[in-house]
file final-v5.txt (compact mmCIF, C-alpha atoms (C1' of nucleotides))
# COMPACT_ATOMS: atom_id res chain seq x y z
CA ARG A 1 92.00 5.55 104.87
CA GLY A 2 90.11 2.30 104.97
CA ILE A 3 87.32 3.90 106.93
CA TYR A 4 87.12 6.86 104.61
CA ASN A 5 87.04 4.57 101.61
CA CYS A 6 84.22 2.59 103.14
CA LEU A 7 82.28 5.77 103.83
CA LEU A 8 82.82 7.00 100.29
CA ASN A 9 81.63 3.71 98.96
CA LEU A 10 78.54 3.80 101.13
CA CYS A 11 77.59 7.30 100.03
CA ALA A 12 78.23 6.44 96.40
CA LYS A 13 76.05 3.35 96.69
CA ALA A 14 73.24 5.42 98.18
CA GLU A 15 73.65 7.87 95.31
CA ASP A 16 74.40 10.51 97.91
CA HIS A 17 76.83 12.56 95.89
CA GLU A 18 76.74 15.45 98.30
CA GLY A 19 77.79 12.96 100.97
CA VAL A 20 80.70 11.78 98.85
CA HIS A 21 81.74 15.36 98.46
CA GLN A 22 81.61 16.04 102.19
CA VAL A 23 83.45 12.90 103.18
CA TYR A 24 86.09 13.65 100.61
CA ARG A 25 86.56 17.22 101.87
CA GLN A 26 86.92 15.92 105.39
CA LEU A 27 89.42 13.36 104.23
CA VAL A 28 91.52 16.01 102.52
CA GLN A 29 91.32 18.21 105.62
CA ASP A 30 92.58 15.38 107.79
CA GLY A 31 95.48 14.95 105.43
CA CYS A 32 94.57 11.33 105.01
CA ASP A 33 96.31 9.63 102.12
CA ARG A 34 94.32 8.41 99.17
CA ASN A 35 94.66 5.40 96.96
CA ALA A 36 93.26 4.56 93.54
CA TYR A 37 90.09 3.23 95.15
CA THR A 38 89.47 6.51 96.94
CA TYR A 39 89.86 8.48 93.75
CA THR A 40 87.78 6.14 91.68
CA CYS A 41 84.88 6.40 94.13
CA VAL A 42 85.03 10.17 94.02
CA ILE A 43 85.43 10.35 90.27
CA SER A 44 82.53 8.07 89.49
CA SER A 45 80.35 9.89 91.97
CA LEU A 46 81.20 13.19 90.32
CA VAL A 47 80.42 11.74 86.92
CA LYS A 48 77.07 10.53 88.17
CA SER A 49 76.17 13.98 89.44
CA ARG A 50 77.14 15.32 86.02
CA ALA A 51 80.18 17.21 87.25
CA VAL A 52 82.53 15.87 84.60
CA ASP A 53 84.94 18.77 84.73
CA GLU A 54 85.45 18.29 88.42
CA ALA A 55 85.88 14.60 87.81
CA TRP A 56 88.54 15.41 85.27
CA ASP A 57 90.38 17.70 87.74
CA THR A 58 90.28 14.94 90.31
CA PHE A 59 91.65 12.53 87.74
CA ARG A 60 94.57 14.86 87.04
CA GLU A 61 95.23 15.22 90.71
CA MET A 62 95.26 11.48 91.03
CA GLN A 63 97.86 11.19 88.31
CA ARG A 64 99.95 13.94 89.87
CA GLU A 65 100.08 11.88 93.02
CA GLY A 66 101.48 9.07 90.98
CA LEU A 67 98.48 6.81 91.43
CA VAL A 68 97.51 4.57 88.55
CA PRO A 69 93.92 4.80 87.32
CA ASN A 70 92.28 1.47 86.62
CA GLU A 71 89.62 0.35 84.14
CA LEU A 72 86.85 1.67 86.38
CA THR A 73 88.42 5.08 86.68
CA TYR A 74 88.73 5.33 82.93
CA GLY A 75 85.31 3.84 82.39
CA ALA A 76 83.61 6.43 84.57
CA LEU A 77 85.37 9.32 82.85
CA ILE A 78 84.79 8.02 79.36
CA CYS A 79 81.08 7.66 80.13
CA GLY A 80 81.00 11.13 81.63
CA PHE A 81 82.57 12.81 78.65
CA ALA A 82 80.54 10.78 76.19
CA ARG A 83 77.32 11.86 77.87
CA GLU A 84 78.34 15.50 77.77
CA ASN A 85 79.09 15.25 74.06
CA GLU A 86 82.78 15.79 74.72
CA LEU A 87 83.71 12.96 72.46
CA ASP A 88 87.22 13.99 71.60
CA LYS A 89 88.11 13.83 75.27
CA ALA A 90 86.31 10.52 75.65
CA LEU A 91 88.13 9.07 72.65
CA LYS A 92 91.48 10.31 73.91
CA LEU A 93 90.92 8.52 77.20
CA TRP A 94 89.76 5.43 75.38
CA LYS A 95 93.01 5.39 73.40
CA GLU A 96 94.91 5.81 76.64
CA THR A 97 93.32 2.66 78.01
CA LYS A 98 94.64 0.78 75.00
CA LYS A 99 98.15 2.05 75.76
CA CYS A 100 97.78 0.85 79.34
CA GLY A 101 96.78 -2.52 78.00
CA TYR A 102 93.37 -2.28 79.63
CA THR A 103 90.36 -4.05 78.22
CA MET A 104 87.25 -1.94 78.59
CA ASP A 105 83.99 -3.78 79.12
CA VAL A 106 80.87 -3.69 76.93
CA TYR A 107 79.28 -1.20 79.22
CA SER A 108 81.70 1.72 78.94
CA THR A 109 82.35 0.93 75.32
CA SER A 110 78.62 1.09 74.59
CA VAL A 111 78.28 4.48 76.24
CA LEU A 112 81.16 5.73 74.14
CA MET A 113 79.61 4.30 70.98
CA GLN A 114 76.30 5.89 71.78
CA GLY A 115 77.90 9.26 72.39
CA LEU A 116 79.65 9.04 69.04
CA ALA A 117 76.43 7.95 67.36
CA LYS A 118 74.55 10.88 68.85
CA VAL A 119 76.83 13.39 67.15
CA GLY A 120 76.77 11.46 63.91
CA ARG A 121 80.27 10.02 64.08
CA MET A 122 79.29 6.50 63.13
CA ASP A 123 82.62 5.83 61.49
CA LYS A 124 84.35 6.26 64.83
CA ALA A 125 81.63 4.35 66.68
CA SER A 126 82.10 1.52 64.27
CA ARG A 127 85.85 1.46 64.84
CA VAL A 128 85.41 1.38 68.59
CA PHE A 129 82.91 -1.45 68.25
CA THR A 130 85.21 -3.44 65.98
CA ALA A 131 88.18 -2.88 68.26
CA MET A 132 86.20 -4.18 71.19
CA LYS A 133 85.25 -7.35 69.36
CA ARG A 134 88.85 -7.83 68.19
CA GLU A 135 89.98 -7.70 71.79
CA GLY A 136 87.75 -10.63 72.50
CA VAL A 137 85.06 -8.77 74.43
CA ARG A 138 81.74 -10.30 73.49
CA PRO A 139 79.17 -7.64 72.61
CA ASN A 140 75.69 -7.98 74.03
CA THR A 141 72.29 -7.24 72.55
CA ARG A 142 72.32 -3.69 73.86
CA ALA A 143 75.62 -2.88 72.20
CA TYR A 144 74.18 -4.04 68.89
CA ASN A 145 71.00 -2.06 69.50
CA ILE A 146 73.01 1.09 70.01
CA MET A 147 74.86 0.55 66.75
CA CYS A 148 71.67 -0.28 64.86
CA ASP A 149 70.06 2.90 66.11
CA GLY A 150 73.10 4.97 65.23
CA PHE A 151 73.25 3.64 61.69
CA GLY A 152 69.52 4.09 61.25
CA LYS A 153 69.64 7.71 62.35
CA ALA A 154 72.61 8.30 60.08
CA GLY A 155 70.55 7.00 57.16
CA GLU A 156 72.63 3.84 56.80
CA MET A 157 70.00 1.18 57.18
CA ASP A 158 72.00 -1.28 55.10
CA LYS A 159 74.67 -1.30 57.78
CA ALA A 160 72.08 -1.55 60.53
CA LEU A 161 70.48 -4.57 58.89
CA ALA A 162 73.89 -6.14 58.33
CA LEU A 163 74.36 -6.01 62.10
CA LEU A 164 71.19 -8.02 62.58
CA GLU A 165 72.75 -10.74 60.44
CA GLU A 166 75.97 -10.50 62.41
CA MET A 167 74.04 -11.00 65.62
CA LYS A 168 72.65 -14.24 64.30
CA GLU A 169 76.11 -15.45 63.33
CA MET A 170 77.42 -14.54 66.75
CA ASN A 171 74.49 -16.24 68.41
CA ILE A 172 73.40 -13.06 70.15
CA SER A 173 69.66 -12.88 70.10
CA PRO A 174 67.89 -9.73 69.01
CA ASP A 175 65.21 -8.48 71.40
CA ALA A 176 62.14 -6.28 70.96
CA THR A 177 64.32 -3.18 71.13
CA THR A 178 66.46 -4.44 68.27
CA TYR A 179 63.45 -4.96 66.05
CA ASN A 180 61.77 -1.74 67.16
CA THR A 181 64.92 0.21 66.39
CA LEU A 182 65.27 -1.33 62.95
CA MET A 183 61.60 -0.95 62.09
CA ASP A 184 61.69 2.68 63.11
CA GLY A 185 64.76 3.24 60.96
CA LEU A 186 63.11 1.56 58.00
CA CYS A 187 59.90 3.58 58.38
CA LYS A 188 61.84 6.81 58.54
CA ALA A 189 63.78 5.81 55.45
CA GLY A 190 60.47 5.35 53.66
CA LYS A 191 60.80 1.56 53.56
CA ALA A 192 57.54 0.60 55.18
CA ASP A 193 57.36 -2.66 53.26
CA GLU A 194 60.65 -3.84 54.70
CA ALA A 195 59.54 -2.73 58.14
CA SER A 196 56.44 -4.79 57.79
CA GLU A 197 58.49 -7.83 56.74
CA LEU A 198 60.68 -7.35 59.76
CA PHE A 199 57.63 -7.20 61.98
CA ASN A 200 56.54 -10.59 60.67
CA HIS A 201 60.01 -11.93 61.21
CA MET A 202 60.00 -10.58 64.75
CA THR A 203 56.79 -12.30 65.72
CA SER A 204 57.70 -15.50 63.91
CA THR A 205 60.82 -15.83 66.03
CA GLY A 206 58.66 -15.55 69.13
CA CYS A 207 59.73 -12.04 70.01
CA ALA A 208 56.73 -10.23 71.46
CA PRO A 209 56.02 -6.65 70.41
CA ASP A 210 55.95 -4.12 73.24
CA VAL A 211 54.51 -0.64 73.81
CA TYR A 212 57.22 0.91 71.67
CA THR A 213 56.30 -1.30 68.74
CA SER A 214 52.76 0.08 68.63
CA THR A 215 53.90 3.67 68.49
CA ILE A 216 56.58 2.95 65.90
CA VAL A 217 54.04 1.25 63.64
CA LEU A 218 51.41 3.96 64.15
CA ALA A 219 53.90 6.75 63.54
CA GLY A 220 55.24 4.92 60.51
CA LEU A 221 51.76 4.86 59.04
CA THR A 222 50.77 8.44 59.85
CA LYS A 223 54.05 9.90 58.65
CA ALA A 224 53.63 8.09 55.36
CA GLY A 225 50.20 9.68 55.01
CA PHE A 226 48.17 6.65 56.08
CA THR A 227 46.45 8.13 59.08
CA LYS A 228 43.23 6.29 58.29
CA ASP A 229 45.02 2.96 58.35
CA ALA A 230 46.75 3.96 61.55
CA LEU A 231 43.35 4.58 63.10
CA LYS A 232 42.22 1.13 61.99
CA VAL A 233 45.30 -0.51 63.48
CA PHE A 234 44.70 1.48 66.63
CA ALA A 235 41.14 0.20 66.86
CA VAL A 236 42.29 -3.39 66.37
CA LEU A 237 44.91 -3.04 69.07
CA LYS A 238 42.34 -1.68 71.50
CA GLU A 239 39.94 -4.48 70.62
CA ARG A 240 42.58 -7.09 71.30
CA GLY A 241 43.33 -5.48 74.61
CA VAL A 242 46.89 -4.52 73.71
CA ARG A 243 48.19 -2.12 76.28
CA LEU A 244 48.39 1.31 74.69
CA ASN A 245 50.19 4.15 76.36
CA ALA A 246 50.06 7.91 76.05
CA SER A 247 52.64 7.85 73.25
CA ALA A 248 50.35 5.81 71.00
CA TYR A 249 47.55 8.30 71.62
CA ASN A 250 49.91 11.21 71.12
CA THR A 251 50.92 9.90 67.73
CA LEU A 252 47.34 9.84 66.50
CA ILE A 253 46.26 13.06 68.18
CA ASP A 254 49.14 14.81 66.47
CA ALA A 255 48.42 13.22 63.10
CA LEU A 256 44.75 14.20 63.25
CA ALA A 257 45.55 17.73 64.32
CA LYS A 258 48.06 18.12 61.50
CA ALA A 259 45.50 16.82 59.04
CA GLY A 260 43.21 19.63 60.13
CA GLN A 261 40.88 17.36 62.11
CA LEU A 262 41.14 19.17 65.40
CA GLN A 263 37.79 17.91 66.68
CA ASP A 264 38.75 14.27 66.13
CA ALA A 265 42.06 14.93 67.79
CA LEU A 266 40.34 16.42 70.81
CA GLY A 267 38.01 13.44 70.82
CA LEU A 268 40.94 11.07 71.24
CA PHE A 269 42.33 13.33 73.91
CA ALA A 270 39.04 13.02 75.78
CA GLU A 271 39.12 9.26 75.34
CA MET A 272 42.42 9.10 77.19
CA GLY A 273 40.69 10.63 80.16
CA GLU A 274 37.81 8.17 79.94
CA PHE A 275 40.25 5.26 79.95
CA GLY A 276 42.06 6.65 82.93
CA LEU A 277 45.18 7.22 80.88
CA PRO A 278 46.76 10.46 82.02
CA PRO A 279 48.00 12.76 79.26
CA ASP A 280 51.71 13.52 79.48
CA PHE A 281 53.53 16.73 78.64
CA ILE A 282 53.85 15.68 75.02
CA THR A 283 50.08 15.33 74.75
CA TYR A 284 49.69 18.89 75.96
CA ASN A 285 52.40 20.16 73.66
CA ILE A 286 50.54 18.64 70.72
CA ILE A 287 47.31 20.35 71.79
CA LEU A 288 49.10 23.65 72.33
CA LYS A 289 50.40 23.51 68.79
CA ALA A 290 47.10 22.33 67.35
CA TYR A 291 45.37 25.44 68.69
CA CYS A 292 48.11 27.70 67.36
CA ASP A 293 47.90 26.12 63.94
CA VAL A 294 44.21 26.89 63.57
CA GLY A 295 44.80 30.45 64.67
CA GLN A 296 43.50 30.02 68.20
CA VAL A 297 46.64 31.28 69.85
CA GLN A 298 44.73 32.71 72.76
CA GLU A 299 43.18 29.29 73.43
CA SER A 300 46.67 27.83 73.41
CA HIS A 301 47.83 30.50 75.78
CA LEU A 302 44.98 29.79 78.18
CA LEU A 303 45.90 26.11 78.27
CA PHE A 304 49.52 27.05 78.79
CA VAL A 305 48.69 29.24 81.78
CA ASP A 306 46.55 26.47 83.14
CA LEU A 307 49.43 24.02 82.84
CA LYS A 308 51.77 26.46 84.50
CA ASN A 309 49.41 26.78 87.43
CA LYS A 310 49.56 23.03 87.78
CA GLY A 311 53.32 23.26 87.96
CA TRP A 312 54.08 21.99 84.47
CA ASN A 313 56.34 24.85 83.63
CA HIS A 314 59.66 23.19 83.05
CA ASP A 315 59.25 22.05 79.52
CA PRO A 316 61.07 24.07 76.88
CA VAL A 317 59.02 22.47 74.10
CA ALA A 318 55.79 23.89 75.52
CA TYR A 319 57.40 27.31 75.71
CA ASN A 320 58.79 26.97 72.22
CA THR A 321 55.46 25.93 70.78
CA LEU A 322 53.59 28.86 72.22
CA THR A 323 56.40 31.31 71.51
CA CYS A 324 56.29 30.23 67.90
CA GLY A 325 52.53 30.56 67.75
CA LEU A 326 52.69 34.04 69.21
CA ALA A 327 55.57 35.18 67.05
CA LYS A 328 53.91 33.94 63.89
CA ALA A 329 50.79 35.84 64.93
CA ARG A 330 53.15 38.82 65.27
CA ASN A 331 52.58 39.12 69.00
CA PHE A 332 56.23 39.76 69.76
CA ASP A 333 55.64 41.41 73.10
CA LEU A 334 54.26 38.26 74.62
CA ALA A 335 56.61 35.99 72.68
CA LEU A 336 59.67 37.82 73.96
CA GLN A 337 58.19 37.89 77.43
CA LEU A 338 57.94 34.10 77.37
CA PHE A 339 61.50 33.93 76.15
CA GLU A 340 62.68 35.93 79.15
CA GLU A 341 60.55 33.78 81.42
CA MET A 342 62.27 30.66 80.16
CA LYS A 343 65.59 31.93 81.39
CA LEU A 344 64.17 32.31 84.88
CA LYS A 345 62.46 28.92 85.02
CA GLN A 346 64.02 25.54 84.72
CA ALA A 347 63.33 25.61 81.02
CA MET A 348 66.35 27.18 79.42
CA PRO A 349 65.90 28.42 75.86
CA THR A 350 67.04 25.91 73.27
CA ALA A 351 68.28 26.27 69.72
CA VAL A 352 64.64 25.95 68.64
CA THR A 353 63.66 28.95 70.77
CA TYR A 354 66.35 31.06 69.18
CA SER A 355 65.71 29.98 65.61
CA THR A 356 61.98 30.61 66.07
CA LEU A 357 62.53 34.14 67.25
CA ILE A 358 65.31 34.89 64.80
CA ASP A 359 63.15 33.78 61.90
CA CYS A 360 60.04 35.65 62.96
CA LEU A 361 61.93 38.82 63.84
CA GLY A 362 63.61 38.61 60.45
CA LYS A 363 60.26 38.34 58.68
CA GLU A 364 59.14 41.39 60.63
CA GLY A 365 62.20 43.31 59.46
CA ARG A 366 63.65 43.49 62.96
CA LEU A 367 67.09 42.32 61.87
CA ASN A 368 69.03 43.94 64.67
CA GLU A 369 67.10 42.10 67.32
CA ALA A 370 67.48 38.86 65.41
CA TYR A 371 71.19 39.46 65.21
CA SER A 372 71.59 40.21 68.86
CA LEU A 373 69.79 36.98 69.75
CA PHE A 374 72.31 35.17 67.60
CA GLN A 375 75.17 36.91 69.38
CA GLU A 376 73.61 36.02 72.70
CA MET A 377 73.60 32.37 71.70
CA ARG A 378 77.25 32.41 70.85
CA LEU A 379 78.25 34.21 74.01
CA LEU A 380 76.44 31.91 76.40
CA LYS A 381 78.82 29.08 77.05
CA GLY A 382 78.66 25.93 79.05
CA ASP A 383 76.11 25.34 81.79
CA GLN A 384 74.07 28.51 81.28
CA GLN A 385 72.63 27.31 78.02
CA GLN A 386 71.05 24.41 76.23
CA ALA A 387 71.44 26.06 72.90
CA GLU A 388 74.23 25.31 70.46
CA VAL A 389 74.07 27.24 67.20
CA ASN A 390 72.89 24.79 64.56
CA LEU A 391 72.01 24.65 60.89
CA VAL A 392 68.46 25.92 61.34
CA VAL A 393 69.68 28.90 63.35
CA TYR A 394 72.11 29.80 60.59
CA ASN A 395 69.48 29.31 57.90
CA SER A 396 67.01 31.51 59.72
CA LEU A 397 69.48 34.29 60.23
CA LEU A 398 70.78 33.97 56.71
CA LYS A 399 67.24 34.33 55.43
CA ALA A 400 66.73 37.45 57.54
CA VAL A 401 70.00 38.98 56.40
CA CYS A 402 69.22 38.28 52.75
CA LYS A 403 65.74 39.71 53.09
CA ALA A 404 67.33 42.89 54.41
CA GLY A 405 69.63 42.91 51.38
CA ASP A 406 72.86 42.76 53.36
CA ILE A 407 74.85 40.55 50.98
CA GLU A 408 78.15 41.21 52.68
CA ARG A 409 76.90 39.94 56.00
CA ALA A 410 75.30 36.98 54.27
CA PHE A 411 78.65 35.88 52.90
CA GLU A 412 80.25 36.41 56.28
CA LEU A 413 77.67 34.08 57.79
CA TRP A 414 78.09 31.58 55.01
CA GLU A 415 81.81 31.35 55.68
CA GLU A 416 81.27 31.17 59.40
CA MET A 417 78.85 28.32 58.95
CA LYS A 418 81.35 26.26 57.08
CA ARG A 419 84.12 27.09 59.50
CA SER A 420 82.03 25.95 62.44
CA GLY A 421 81.24 22.64 60.83
CA CYS A 422 77.64 23.50 59.97
CA ASN A 423 77.59 22.71 56.29
CA PRO A 424 74.90 24.58 54.36
CA ASP A 425 72.15 22.30 53.10
C1' G B 1 86.13 -4.44 97.16
C1' C B 2 84.03 0.60 93.59
C1' A B 3 80.40 3.21 88.46
C1' G B 4 77.48 3.08 84.43
C1' A B 5 74.32 1.87 78.90
C1' U B 6 69.88 0.94 74.07
C1' U B 7 64.36 2.00 70.71
C1' A B 8 58.86 5.40 69.81
C1' U B 9 55.13 10.10 69.92
C1' U B 10 55.44 16.92 70.47
C1' C B 11 58.43 22.60 68.97
C1' A B 12 62.09 26.16 64.78
C1' U B 13 64.47 27.20 58.84
C1' U B 14 63.14 25.20 53.61
C1' A B 15 63.13 28.92 47.22
C1' A B 16 60.58 28.77 42.29
call {"tool": "encode", "arguments": {"input": "final-v5.txt", "output": "structure tokens"}}
result
Amino acid sequence: RGIYNCLLNLCAKAEDHEGVHQVYRQLVQDGCDRNAYTYTCVISSLVKSRAVDEAWDTFREMQREGLVPNELTYGALICGFARENELDKALKLWKETKKCGYTMDVYSTSVLMQGLAKVGRMDKASRVFTAMKREGVRPNTRAYNIMCDGFGKAGEMDKALALLEEMKEMNISPDATTYNTLMDGLCKAGKADEASELFNHMTSTGCAPDVYTSTIVLAGLTKAGFTKDALKVFAVLKERGVRLNASAYNTLIDALAKAGQLQDALGLFAEMGEFGLPPDFITYNIILKAYCDVGQVQESHLLFVDLKNKGWNHDPVAYNTLTCGLAKARNFDLALQLFEEMKLKQAMPTAVTYSTLIDCLGKEGRLNEAYSLFQEMRLLKGDQQQAEVNLVVYNSLLKAVCKAGDIERAFELWEEMKRSGCNPD
RNA sequence: GCAGAUUAUUCAUUAA
């Protein structure tokens, strides 16, 4: 058993999850007995290779054998479930650790908090965070950053800012990520003035801005309609030799394109090349959309084909952008062809893909096709899809159904929305 | 003795 455990550990350390699997199979075949260490190695390896369900089965098996899981076993599983958005399971396990009298560390607790934040359950995240502190586990900067981000995205900037104060009281120093997160939240809440104050505070405490800061500031300006000022800031940053990455360029290219200044946008795109800064897939997605928006869908399509030939064909956003452009130009043949292509490539259709097609088909009066796409979404479960029905999908279908005058079906949908936790907006 | 975490830029619905 000792040898097997060592082997498992080695494979796990090398991130060789297939190896862990093989060693474990061999171990079972040999009828070798397992201890908590053995199981924990296997479980955390399974979690790492995103096979949470298998990890869970292994966990159950472990318990059936009468072995006692430790903090690490629980930690791995809680992280696994939290990452897969299975937060009820994660929370249940977390509660179990309390019953066992275990103290979970900041790490696992943070992953759980982040998972809860991602699905908008900040109340629960907050309780988990408080419980951790009450147990005497000292939070770190990252844990606070996660909570600040969660509150910001939930539109509760007051709570996020209160945490910054708490950090000071606790003598935990905020870092660039903390300030970036808060500034981004403030910008998105339309409080640019407060964001700017925070920026001054950040630099006055000796915390240096990083590449994220630039993009957050630039995006804050463009989204508030100050693209000209953003361009000025951009020029100053370049002049001062601040390192700018593709994201900073992307922000401005997108803003210019959306303001109808396609030529200026393309000019910046060209500048990236001159500076030896390679465009990333987001840059191309922005250009793809820019062409569609000025009615040059064929130009967009040409670029898309070009990208595919270079092997950039795994991005659902690129597919979605072009599909939308085509569908809005009423070229459904090609749009639906791309949709089918997505299923074959490593770019599974997302909720955006479905809502795009449902909406455009609805506008075209092709309600039955829109409806069957909706059904398809609901039928695909688990690993074969990246698409959960969401509010926009319901809204699009509802619009199509109303346009067709089918009031009865509209009410059916309305009720279904509420039942499934998608509250109408 | 064993695992793991945070922020930015791109795509879909939105009446009168």
call {"tool": "atom_distance", "arguments": {"input": "final-v5.txt", "atom1": "CA of Asn9 in chain A", "atom2": "CA of Lys89 in chain A"}}
result
26.6 Å
call {"tool": "interface_residues", "arguments": {"input": "final-v5.txt", "of": "chain A", "to": "chain B", "cutoff": "8 Å", "atoms": "only C-alpha atoms (C1' of nucleotides)", "output": "count of residues only"}}
result
55
call {"tool": "closest_residue", "arguments": {"input": "final-v5.txt", "among": "A:Phe269, A:Tyr179, A:Tyr394, A:Trp312", "to": "Cys422 in chain A", "atoms": "only C-alpha atoms"}}
result
A:Tyr394
call {"tool": "residues_around", "arguments": {"input": "final-v5.txt", "residues": "Leu266 in chain A", "least_positions_apart": "6", "cutoff": "12 Å", "atoms": "only C-alpha atoms (C1' of nucleotides)", "output": "VMD selection string"}}
result
chain A and resid 249 to 250 252 to 257 260 272 to 273 279 283 to 284 286 to 288 290 to 291
call {"tool": "residues_near_point", "arguments": {"input": "final-v5.txt", "point": "(73.8, 12.8, 60.4)", "cutoff": "7 Å", "atoms": "all atoms listed in the file", "output": "PDB file with C-alpha atoms, in the frame of the given file"}}
result
ATOM      1  CA  GLY A 120      76.770  11.460  63.910  1.00  0.00           C
ATOM      2  CA  LYS A 153      69.640   7.710  62.350  1.00  0.00           C
ATOM      3  CA  ALA A 154      72.610   8.300  60.080  1.00  0.00           C
TER       4      ALA A 154
END
call {"tool": "closest_residue", "arguments": {"input": "final-v5.txt", "among": "A:Val128, A:Gln22, A:Asn85, A:Asp16", "to": "Glu388 in chain A", "atoms": "all atoms listed in the file"}}
result
A:Asn85
call {"tool": "atom_distance", "arguments": {"input": "final-v5.txt", "atom1": "CA of Pro349 in chain A", "atom2": "CA of Met377 in chain A"}}
result
9.6 Å
call {"tool": "atom_distance", "arguments": {"input": "final-v5.txt", "atom1": "CA of Ala131 in chain A", "atom2": "CA of Gly150 in chain A"}}
result
17.3 Å
call {"tool": "residues_near_point", "arguments": {"input": "final-v5.txt", "point": "(83.1, 14.6, 100.7)", "cutoff": "12 Å", "atoms": "all atoms listed in the file", "output": "number ranges by chain"}}
result
A: 4-5, 7-12, 16-30, 38-39, 41-43, 45-46
call {"tool": "axis_aligned_box", "arguments": {"input": "final-v5.txt", "around": "range 238-255 of chain A", "padding_each_side": "5 Å", "output": "JSON"}}
result
{"center_x": 46.3, "center_y": 3.9, "center_z": 69.7, "size_x": 22.7, "size_y": 31.9, "size_z": 23.3}
call {"tool": "closest_residue", "arguments": {"input": "final-v5.txt", "among": "A:Ala259, A:Leu380, A:Val211, A:Leu302", "to": "Leu237 in chain A", "atoms": "only C-alpha atoms"}}
result
A:Val211
call {"tool": "residues_around", "arguments": {"input": "final-v5.txt", "residues": "Ala192 in chain A", "least_positions_apart": "5", "cutoff": "12 Å", "atoms": "only C-alpha atoms (C1' of nucleotides)", "output": "PyMOL selection string"}}
result
chain A and resi 182-187+197-199+216-226
